[in-house]
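S.K.: Structure supplied as entry_27.cif; contents: mmCIF, C-alpha atoms.
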```
data_target
#
loop_
_atom_site.label_atom_id
_atom_site.label_comp_id
_atom_site.auth_asym_id
_atom_site.auth_seq_id
_atom_site.Cartn_x
_atom_site.Cartn_y
_atom_site.Cartn_z
CA MET A 1 8.22 57.04 8.17
CA VAL A 2 6.80 53.53 8.17
CA ILE A 3 8.77 50.68 6.64
CA ILE A 4 6.63 47.83 5.41
CA PRO A 5 8.49 44.61 4.45
CA VAL A 6 6.78 42.68 1.68
CA LEU A 7 6.33 38.94 1.84
CA VAL A 8 5.07 37.05 -1.16
CA PHE A 9 3.66 33.54 -0.96
CA SER A 10 3.22 31.21 -3.89
CA LEU A 11 -0.45 30.59 -4.55
CA PHE A 12 -0.01 28.03 -7.22
CA MET A 13 0.86 24.34 -7.02
CA VAL A 14 3.08 23.08 -9.80
CA THR A 15 2.84 19.38 -10.55
CA SER A 16 5.25 17.39 -12.65
CA VAL A 17 5.46 13.89 -14.01
CA PHE A 18 8.83 12.60 -12.84
CA THR A 19 10.99 10.26 -14.84
CA TYR A 20 13.05 7.73 -12.93
CA GLU A 21 16.16 9.91 -13.05
CA HIS A 22 14.26 12.80 -11.48
CA THR A 23 12.51 10.80 -8.76
CA GLN A 24 14.01 12.44 -5.70
CA GLU A 25 11.61 10.80 -3.22
CA ILE A 26 10.97 7.08 -3.11
CA ARG A 27 7.90 6.07 -1.09
CA VAL A 28 7.76 2.55 0.37
CA VAL A 29 4.97 0.83 2.32
CA VAL A 30 5.93 -2.10 4.56
CA PHE A 31 3.35 -4.85 5.16
CA GLY A 32 3.29 -8.09 7.10
CA LYS A 33 1.76 -9.84 10.05
CA THR A 34 2.58 -8.90 13.64
CA GLY A 35 6.03 -9.92 14.83
CA VAL A 36 7.82 -10.52 11.51
CA GLY A 37 10.12 -7.51 11.91
CA LYS A 38 8.48 -4.83 9.76
CA SER A 39 9.53 -1.94 12.00
CA SER A 40 13.06 -3.30 12.40
CA LEU A 41 13.39 -3.57 8.63
CA ALA A 42 12.09 -0.01 8.19
CA ASN A 43 14.67 1.25 10.70
CA VAL A 44 17.46 -0.59 8.90
CA LEU A 45 16.49 0.91 5.54
CA LEU A 46 16.29 4.41 7.03
CA ASN A 47 19.59 3.83 8.86
CA GLU A 48 18.05 5.15 12.06
CA ASP A 49 15.85 3.83 14.87
CA VAL A 50 12.72 5.75 13.97
CA PHE A 51 10.00 3.18 14.60
CA LEU A 52 9.40 1.33 17.87
CA THR A 53 10.34 -2.34 17.89
CA GLY A 54 10.39 -5.17 20.38
CA VAL A 55 8.65 -8.29 21.54
CA ASN A 56 6.63 -6.31 24.06
CA LEU A 57 3.19 -5.90 22.49
CA ASN A 58 2.87 -2.43 24.01
CA SER A 59 5.93 -1.23 22.10
CA MET A 60 4.94 -2.61 18.73
CA THR A 61 3.33 -0.65 15.94
CA THR A 62 -0.36 -0.01 16.63
CA LYS A 63 -1.00 2.56 13.92
CA SER A 64 0.50 3.30 10.53
CA GLN A 65 3.35 5.77 10.78
CA ALA A 66 5.63 7.42 8.24
CA ALA A 67 9.19 8.68 8.43
CA ALA A 68 11.66 9.92 5.84
CA ARG A 69 15.43 10.21 5.69
CA ILE A 70 18.02 10.92 3.02
CA VAL A 71 19.50 7.58 2.01
CA LYS A 72 22.41 6.81 -0.29
CA PHE A 73 21.30 4.12 -2.73
CA PRO A 74 24.12 2.07 -4.31
CA GLU A 75 23.15 2.75 -7.93
CA VAL A 76 21.53 6.19 -7.92
CA GLY A 77 23.03 8.11 -5.00
CA ASN A 78 21.12 10.14 -2.46
CA ARG A 79 17.34 9.97 -2.45
CA ARG A 80 14.70 10.89 0.11
CA LEU A 81 13.30 7.57 1.31
CA LEU A 82 9.85 7.72 2.91
CA ILE A 83 8.68 4.55 4.62
CA VAL A 84 5.18 3.85 5.90
CA ASP A 85 5.31 1.29 8.70
CA THR A 86 2.02 -0.54 9.20
CA PRO A 87 0.54 -2.53 12.11
CA GLY A 88 -0.08 -6.21 11.66
CA MET A 89 -3.08 -6.61 9.40
CA PHE A 90 -5.83 -8.91 10.66
CA ASP A 91 -4.78 -8.16 14.24
CA THR A 92 -8.06 -8.06 16.18
CA LYS A 93 -7.12 -4.61 17.55
CA HIS A 94 -6.94 -3.04 14.13
CA SER A 95 -9.44 -2.24 11.39
CA ASN A 96 -8.08 -3.17 7.96
CA GLU A 97 -10.20 -0.41 6.46
CA GLY A 98 -8.66 2.08 8.87
CA ILE A 99 -5.16 0.78 8.14
CA ALA A 100 -5.73 1.18 4.40
CA LYS A 101 -7.00 4.75 4.87
CA ASP A 102 -3.94 5.67 6.95
CA ILE A 103 -1.59 4.12 4.40
CA VAL A 104 -3.13 6.10 1.56
CA GLU A 105 -2.93 9.39 3.45
CA LEU A 106 0.68 8.81 4.52
CA SER A 107 1.96 7.78 1.09
CA ILE A 108 0.02 10.19 -1.14
CA PRO A 109 0.21 10.52 -4.18
CA GLY A 110 1.14 6.84 -4.04
CA PRO A 111 3.97 4.46 -3.10
CA HIS A 112 6.67 3.37 -5.51
CA VAL A 113 7.20 0.09 -3.69
CA PHE A 114 5.22 -2.27 -1.44
CA ILE A 115 7.38 -4.56 0.71
CA LEU A 116 5.73 -7.73 1.97
CA VAL A 117 7.66 -8.95 5.01
CA ILE A 118 7.67 -12.67 5.83
CA SER A 119 9.70 -14.46 8.49
CA ALA A 120 12.12 -16.96 6.98
CA THR A 121 12.14 -19.09 10.11
CA HIS A 122 8.48 -19.11 11.14
CA ARG A 123 5.98 -21.40 9.52
CA PHE A 124 4.11 -19.70 6.69
CA THR A 125 0.49 -19.49 7.88
CA LYS A 126 -2.88 -18.67 6.42
CA GLU A 127 -2.53 -15.24 8.05
CA ASP A 128 0.47 -14.51 5.80
CA GLU A 129 -1.54 -15.60 2.79
CA ASP A 130 -4.57 -13.57 3.89
CA ILE A 131 -2.45 -10.42 4.20
CA PHE A 132 -1.30 -10.81 0.60
CA GLU A 133 -4.86 -11.37 -0.57
CA GLU A 134 -6.05 -8.37 1.44
CA LEU A 135 -3.39 -6.24 -0.23
CA LYS A 136 -4.69 -7.18 -3.66
CA LYS A 137 -8.29 -6.76 -2.57
CA THR A 138 -7.62 -3.30 -1.11
CA PHE A 139 -5.17 -1.88 -3.63
CA GLY A 140 -5.93 -3.96 -6.73
CA ASP A 141 -4.18 -6.83 -8.53
CA GLY A 142 -1.70 -4.36 -10.05
CA VAL A 143 -0.06 -3.97 -6.65
CA THR A 144 2.16 -6.97 -7.40
CA ASP A 145 3.90 -4.97 -10.14
CA TYR A 146 5.20 -2.73 -7.35
CA MET A 147 5.94 -5.40 -4.77
CA ILE A 148 9.08 -6.87 -3.22
CA VAL A 149 9.14 -9.76 -0.74
CA VAL A 150 11.68 -9.53 2.09
CA PHE A 151 12.35 -12.56 4.28
CA THR A 152 13.55 -11.63 7.78
CA SER A 153 15.39 -13.69 10.45
CA LYS A 154 17.97 -14.76 7.86
CA ASN A 155 20.52 -15.74 10.51
CA GLY A 156 18.10 -18.28 11.92
CA LEU A 157 17.94 -20.30 8.71
CA GLN A 158 19.23 -23.87 8.93
CA ILE A 159 19.41 -24.16 5.14
CA SER A 160 20.62 -21.93 2.32
CA GLN A 161 18.47 -19.15 0.91
CA SER A 162 18.05 -20.98 -2.40
CA GLU A 163 16.95 -24.14 -0.57
CA CYS A 164 14.51 -22.03 1.45
CA LEU A 165 12.90 -20.79 -1.76
CA VAL A 166 12.86 -24.23 -3.38
CA THR A 167 11.22 -25.86 -0.36
CA ALA A 168 8.83 -22.98 0.34
CA PRO A 169 5.08 -23.65 0.35
CA GLU A 170 3.36 -23.31 -3.01
CA THR A 171 1.55 -20.22 -1.76
CA ILE A 172 4.85 -18.38 -1.25
CA LYS A 173 6.09 -19.56 -4.64
CA ASN A 174 2.92 -18.19 -6.24
CA ILE A 175 3.40 -14.84 -4.49
CA LEU A 176 7.02 -14.68 -5.65
CA ASN A 177 6.02 -15.52 -9.21
CA LEU A 178 3.46 -12.71 -9.20
CA CYS A 179 6.21 -10.37 -7.94
CA ASN A 180 8.56 -11.56 -10.71
CA MET A 181 10.79 -13.21 -8.08
CA ARG A 182 11.80 -9.90 -6.52
CA CYS A 183 12.91 -11.01 -3.05
CA ALA A 184 15.71 -10.62 -0.54
CA PHE A 185 16.83 -12.05 2.81
CA ILE A 186 17.99 -10.05 5.81
CA ASP A 187 18.40 -10.28 9.56
CA SER A 188 16.87 -7.02 10.78
CA GLU A 189 18.41 -7.36 14.25
CA LYS A 190 21.97 -7.85 12.94
CA PRO A 191 21.82 -6.60 9.36
CA ASP A 192 24.62 -7.20 6.90
CA GLU A 193 25.56 -4.26 4.65
CA ASN A 194 25.40 -6.47 1.56
CA ASP A 195 21.85 -7.51 2.43
CA ILE A 196 20.81 -3.88 2.92
CA ASP A 197 22.35 -2.91 -0.42
CA ALA A 198 20.56 -5.82 -2.08
CA ILE A 199 17.20 -4.46 -0.90
CA TYR A 200 18.16 -0.92 -1.97
CA ARG A 201 18.98 -2.27 -5.45
CA LEU A 202 15.67 -4.13 -5.64
CA ILE A 203 13.87 -0.89 -4.76
CA THR A 204 15.66 1.32 -7.28
CA ARG A 205 15.45 -1.25 -10.07
CA LEU A 206 11.73 -1.66 -9.47
CA VAL A 207 11.26 2.12 -9.57
CA ARG A 208 13.25 2.20 -12.80
CA SER A 209 11.23 -0.62 -14.39
CA ASN A 210 8.05 1.37 -13.61
CA HIS A 211 9.63 4.50 -15.16
CA GLY A 212 9.55 6.34 -11.85
CA ASN A 213 5.77 6.15 -11.68
CA ASN A 214 4.15 5.56 -8.31
CA TYR A 215 1.31 3.13 -7.75
CA THR A 216 -2.18 4.56 -7.70
CA ASN A 217 -5.78 3.37 -7.66
CA SER A 218 -9.22 4.84 -6.96
CA MET A 219 -8.43 5.20 -3.23
CA TYR A 220 -5.33 7.26 -3.95
CA ASP A 221 -7.08 9.27 -6.67
CA GLU A 222 -9.94 10.22 -4.35
CA THR A 223 -7.59 11.11 -1.49
CA ALA A 224 -5.43 13.17 -3.86
CA ARG A 225 -8.51 15.08 -5.05
CA ASN A 226 -9.56 15.78 -1.48
CA ALA A 227 -6.04 16.94 -0.61
CA GLU A 228 -5.98 19.25 -3.64
CA GLU A 229 -9.37 20.72 -2.71
CA GLU A 230 -8.10 21.35 0.82
CA GLN A 231 -4.96 23.02 -0.54
CA LYS A 232 -7.05 25.16 -2.88
CA TYR A 233 -9.22 26.25 0.04
CA LYS A 234 -6.12 27.22 2.03
CA ARG A 235 -4.71 29.15 -0.94
CA ASP A 236 -8.00 31.01 -1.37
CA GLN A 237 -8.06 31.81 2.34
CA ASN A 238 -4.48 33.05 2.11
CA LYS A 239 -5.29 35.23 -0.89
CA ARG A 240 -8.32 36.72 0.86
CA TRP A 241 -6.13 37.54 3.86
CA TRP A 242 -3.62 39.26 1.59
CA CYS A 243 -6.34 41.25 -0.15
CA LYS A 244 -7.68 42.46 3.18
CA THR A 245 -4.17 43.34 4.39
CA ILE A 246 -3.34 45.19 1.16
CA ALA A 247 -6.54 47.23 1.42
CA GLU A 248 -5.77 48.19 5.02
CA VAL A 249 -2.16 49.14 4.20
CA MET A 250 -3.18 51.26 1.24
CA LYS A 251 -5.85 52.98 3.28
CA LEU A 252 -3.29 53.68 5.99
CA CYS A 253 -0.86 55.11 3.44
CA GLY A 254 -3.50 57.22 1.70
CA VAL A 255 -3.23 55.29 -1.55
CA ALA A 256 -6.29 55.32 -3.79
CA ALA A 257 -8.39 52.19 -3.53
CA VAL A 258 -7.64 49.48 -6.06
CA SER A 259 -9.12 46.07 -6.72
CA CYS A 260 -7.81 43.04 -4.86
CA THR A 261 -6.19 41.71 -8.04
CA GLN A 262 -4.51 45.04 -8.78
CA GLY A 263 -3.30 45.34 -5.22
CA PHE A 264 -1.95 41.80 -5.18
CA SER A 265 -0.17 42.36 -8.52
CA LEU A 266 1.35 45.56 -7.15
CA ILE A 267 2.68 43.80 -4.08
CA SER A 268 4.00 40.91 -6.17
CA THR A 269 5.77 43.31 -8.53
CA VAL A 270 7.81 44.80 -5.73
CA ALA A 271 8.54 41.49 -4.04
CA GLY A 272 11.63 41.55 -1.90
CA LEU A 273 11.74 45.35 -1.78
CA VAL A 274 10.87 47.65 1.09
CA ILE A 275 8.11 50.21 0.67
CA HIS A 276 8.93 53.62 2.13
CA SER A 277 5.97 55.81 2.93
CA ASN A 278 5.47 59.25 4.58
CA CYS A 279 2.07 58.26 5.90
#
```
As a first step, turn the structure in this file into structure tokens.
M.R.:
Amino acid sequence: MVIIPVLVFSLFMVTSVFTYEHTQEIRVVVFGKTGVGKSSLANVLLNEDVFLTGVNLNSMTTKSQAAARIVKFPEVGNRRLLIVDTPGMFDTKHSNEGIAKDIVELSIPGPHVFILVISATHRFTKEDEDIFEELKKTFGDGVTDYMIVVFTSKNGLQISQSECLVTAPETIKNILNLCNMRCAFIDSEKPDENDIDAIYRLITRLVRSNHGNNYTNSMYDETARNAEEEQKYKRDQNKRWWCKTIAEVMKLCGVAAVSCTQGFSLISTVAGLVIHSNC
């Protein structure tokens, strides 16, 4: 007697449009120039040292990376937070086109939040401004509706946060205005719990204001289509493998030949059971 366990795999992908209340994963992309503390901020938000940090250039981010952890947000409870940590844009070692491609692939179907990281203690330079402009150029002007600005090195400030914003260069003020003044201060090296919670609240409130919808543009749409085509190919390959296996099993057991669809339906009908045969 041969005992054949039956395994059934789902061949269909179910997609849903999530409302804010049902958004179980929040995807965040962190941007900024080299050395402003992007990776440190990402680690703080994930509550774990996932990304490499440090002043040593060899230890700093050289390619976009993603990591996810379950995080307890102050207002909505536990959510899966996925963060894409990016290398410094406009660094001569990196291709902005390549960075953009990596970001899209790592945050598909699209991020809920973009965080632009700026040092509160370093002089705001044209490089900072260029990064913001490159963001809009790459992802579209609508990216500012999904953006938060986080100022790092808070503990190094010689003035208050409000004074820092009032005396900031006009370029920063323009960026903040486009982001509807969504900003926060933090010291990534010695973070304060209140500062972390403030950023969490900014994230969840922004997701709520966008009704749980993630950001998307033509780059994300094209990548999503390619990903779906790849998944469809894999599902078809899987189904063909099952059809071949079913035919071989039925031949072995002396069962009359049936079509692939009939055989697959038969197997699916008895999912979870064990087939006993005298063959």
S.K.: Using the chain letters and numbers from the file, give me the residues hit by the PyMOL selection byres ((chain A and resi 205) around 12), as an MDAnalysis selection string.
M.R.: chainID A and resid 20:21 26 73:76 112:113 146:148 182 197:204 206:212
S.K.: Mind pulling up the distance from CA of Ile172 in chain A to CA of Glu129 in chain A?
M.R.: 8.1 Å
S.K.: Applied to the shown file, which residues does the PyMOL selection byres ((chain A and resi 157) around 12) return, written as a list in words?
M.R.: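 Here the PyMOL selection byres ((chain A and resi 157) around 12) matches Ser119, Ala120, Thr121, His122, Phe151, Thr152, Ser153, Lys154, Asn155, Gly156, Gln158, Ile159, Ser160, Gln161, Ser162, Glu163, Cys164, Leu165, Phe185, Ile186 and Asp187 of chain A.
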S.K.: With C-alpha atoms retained, could you export that selection as an mmCIF file, in the frame of the given file?
M.R.:
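Listed below is the output, result21.cif:
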```cif
data_model
loop_
_atom_site.group_PDB
_atom_site.id
_atom_site.type_symbol
_atom_site.label_atom_id
_atom_site.label_comp_id
_atom_site.auth_asym_id
_atom_site.auth_seq_id
_atom_site.Cartn_x
_atom_site.Cartn_y
_atom_site.Cartn_z
ATOM 1 C CA SER A 119 9.700 -14.460 8.490
ATOM 2 C CA ALA A 120 12.120 -16.960 6.980
ATOM 3 C CA THR A 121 12.140 -19.090 10.110
ATOM 4 C CA HIS A 122 8.480 -19.110 11.140
ATOM 5 C CA PHE A 151 12.350 -12.560 4.280
ATOM 6 C CA THR A 152 13.550 -11.630 7.780
ATOM 7 C CA SER A 153 15.390 -13.690 10.450
ATOM 8 C CA LYS A 154 17.970 -14.760 7.860
ATOM 9 C CA ASN A 155 20.520 -15.740 10.510
ATOM 10 C CA GLY A 156 18.100 -18.280 11.920
ATOM 11 C CA GLN A 158 19.230 -23.870 8.930
ATOM 12 C CA ILE A 159 19.410 -24.160 5.140
ATOM 13 C CA SER A 160 20.620 -21.930 2.320
ATOM 14 C CA GLN A 161 18.470 -19.150 0.910
ATOM 15 C CA SER A 162 18.050 -20.980 -2.400
ATOM 16 C CA GLU A 163 16.950 -24.140 -0.570
ATOM 17 C CA CYS A 164 14.510 -22.030 1.450
ATOM 18 C CA LEU A 165 12.900 -20.790 -1.760
ATOM 19 C CA PHE A 185 16.830 -12.050 2.810
ATOM 20 C CA ILE A 186 17.990 -10.050 5.810
ATOM 21 C CA ASP A 187 18.400 -10.280 9.560
#
```
S.K.: Identify which of the residues A:Ile196, A:Val28, A:Leu46, A:Cys243 lies closest to Val104 in chain A, counting all atoms listed in the file when measuring atom-to-atom distances.
M.R.: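 Looking only at the distances to Val104 in chain A, the closest residue turns out to be A:Val28.
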S.K.: Report, in Å with one decimal, the straight-line distance from CA of Cys179 in chain A to CA of Asp49 in chain A.
M.R.: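 Going from CA of Cys179 in chain A over to CA of Asp49 in chain A covers 28.5 Å.
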S.K.: Would you translate the PyMOL selection byres ((chain A and resi 126-128) around 9) into the concrete set of residues it matches in this file, as JSON, numbers by chain?
M.R.: {"A": [32, 33, 89, 90, 118, 124, 125, 129, 130, 131, 132, 133]}
S.K.: Work out how far CA of Gln24 in chain A is from CA of Arg79 in chain A, in Å to one decimal.
M.R.: 5.3 Å
S.K.: I want to know what sits within 12 Å of Ile83 in chain A, based on all atoms listed in the file, with residues of the same chain fewer than 4 positions away left out; could you give that as an mmCIF file with C-alpha atoms, in the frame of the given file?
M.R.:
```cif
data_model
loop_
_atom_site.group_PDB
_atom_site.id
_atom_site.type_symbol
_atom_site.label_atom_id
_atom_site.label_comp_id
_atom_site.auth_asym_id
_atom_site.auth_seq_id
_atom_site.Cartn_x
_atom_site.Cartn_y
_atom_site.Cartn_z
ATOM 1 C CA GLU A 25 11.610 10.800 -3.220
ATOM 2 C CA ILE A 26 10.970 7.080 -3.110
ATOM 3 C CA ARG A 27 7.900 6.070 -1.090
ATOM 4 C CA VAL A 28 7.760 2.550 0.370
ATOM 5 C CA VAL A 29 4.970 0.830 2.320
ATOM 6 C CA VAL A 30 5.930 -2.100 4.560
ATOM 7 C CA PHE A 31 3.350 -4.850 5.160
ATOM 8 C CA LYS A 38 8.480 -4.830 9.760
ATOM 9 C CA SER A 39 9.530 -1.940 12.000
ATOM 10 C CA SER A 40 13.060 -3.300 12.400
ATOM 11 C CA LEU A 41 13.390 -3.570 8.630
ATOM 12 C CA ALA A 42 12.090 -0.010 8.190
ATOM 13 C CA ASN A 43 14.670 1.250 10.700
ATOM 14 C CA VAL A 44 17.460 -0.590 8.900
ATOM 15 C CA LEU A 45 16.490 0.910 5.540
ATOM 16 C CA LEU A 46 16.290 4.410 7.030
ATOM 17 C CA ASN A 47 19.590 3.830 8.860
ATOM 18 C CA GLU A 48 18.050 5.150 12.060
ATOM 19 C CA VAL A 50 12.720 5.750 13.970
ATOM 20 C CA PHE A 51 10.000 3.180 14.600
ATOM 21 C CA SER A 64 0.500 3.300 10.530
ATOM 22 C CA GLN A 65 3.350 5.770 10.780
ATOM 23 C CA ALA A 66 5.630 7.420 8.240
ATOM 24 C CA ALA A 67 9.190 8.680 8.430
ATOM 25 C CA ALA A 68 11.660 9.920 5.840
ATOM 26 C CA ARG A 69 15.430 10.210 5.690
ATOM 27 C CA ILE A 70 18.020 10.920 3.020
ATOM 28 C CA VAL A 71 19.500 7.580 2.010
ATOM 29 C CA ILE A 103 -1.590 4.120 4.400
ATOM 30 C CA LEU A 106 0.680 8.810 4.520
ATOM 31 C CA SER A 107 1.960 7.780 1.090
ATOM 32 C CA ILE A 108 0.020 10.190 -1.140
ATOM 33 C CA GLY A 110 1.140 6.840 -4.040
ATOM 34 C CA PRO A 111 3.970 4.460 -3.100
ATOM 35 C CA HIS A 112 6.670 3.370 -5.510
ATOM 36 C CA VAL A 113 7.200 0.090 -3.690
ATOM 37 C CA PHE A 114 5.220 -2.270 -1.440
ATOM 38 C CA ILE A 115 7.380 -4.560 0.710
#
```
S.K.: Using all atoms of range 203-208 of chain A listed in the file and a margin of 8 Å per side, can you give the axis-aligned box centre and edge lengths in Å to one decimal, as AutoDock Vina command-line options?
M.R.:
```
--center_x 13.5 --center_y 0.3 --center_z -8.8 --size_x 20.4 --size_y 19.9 --size_z 24.0
```
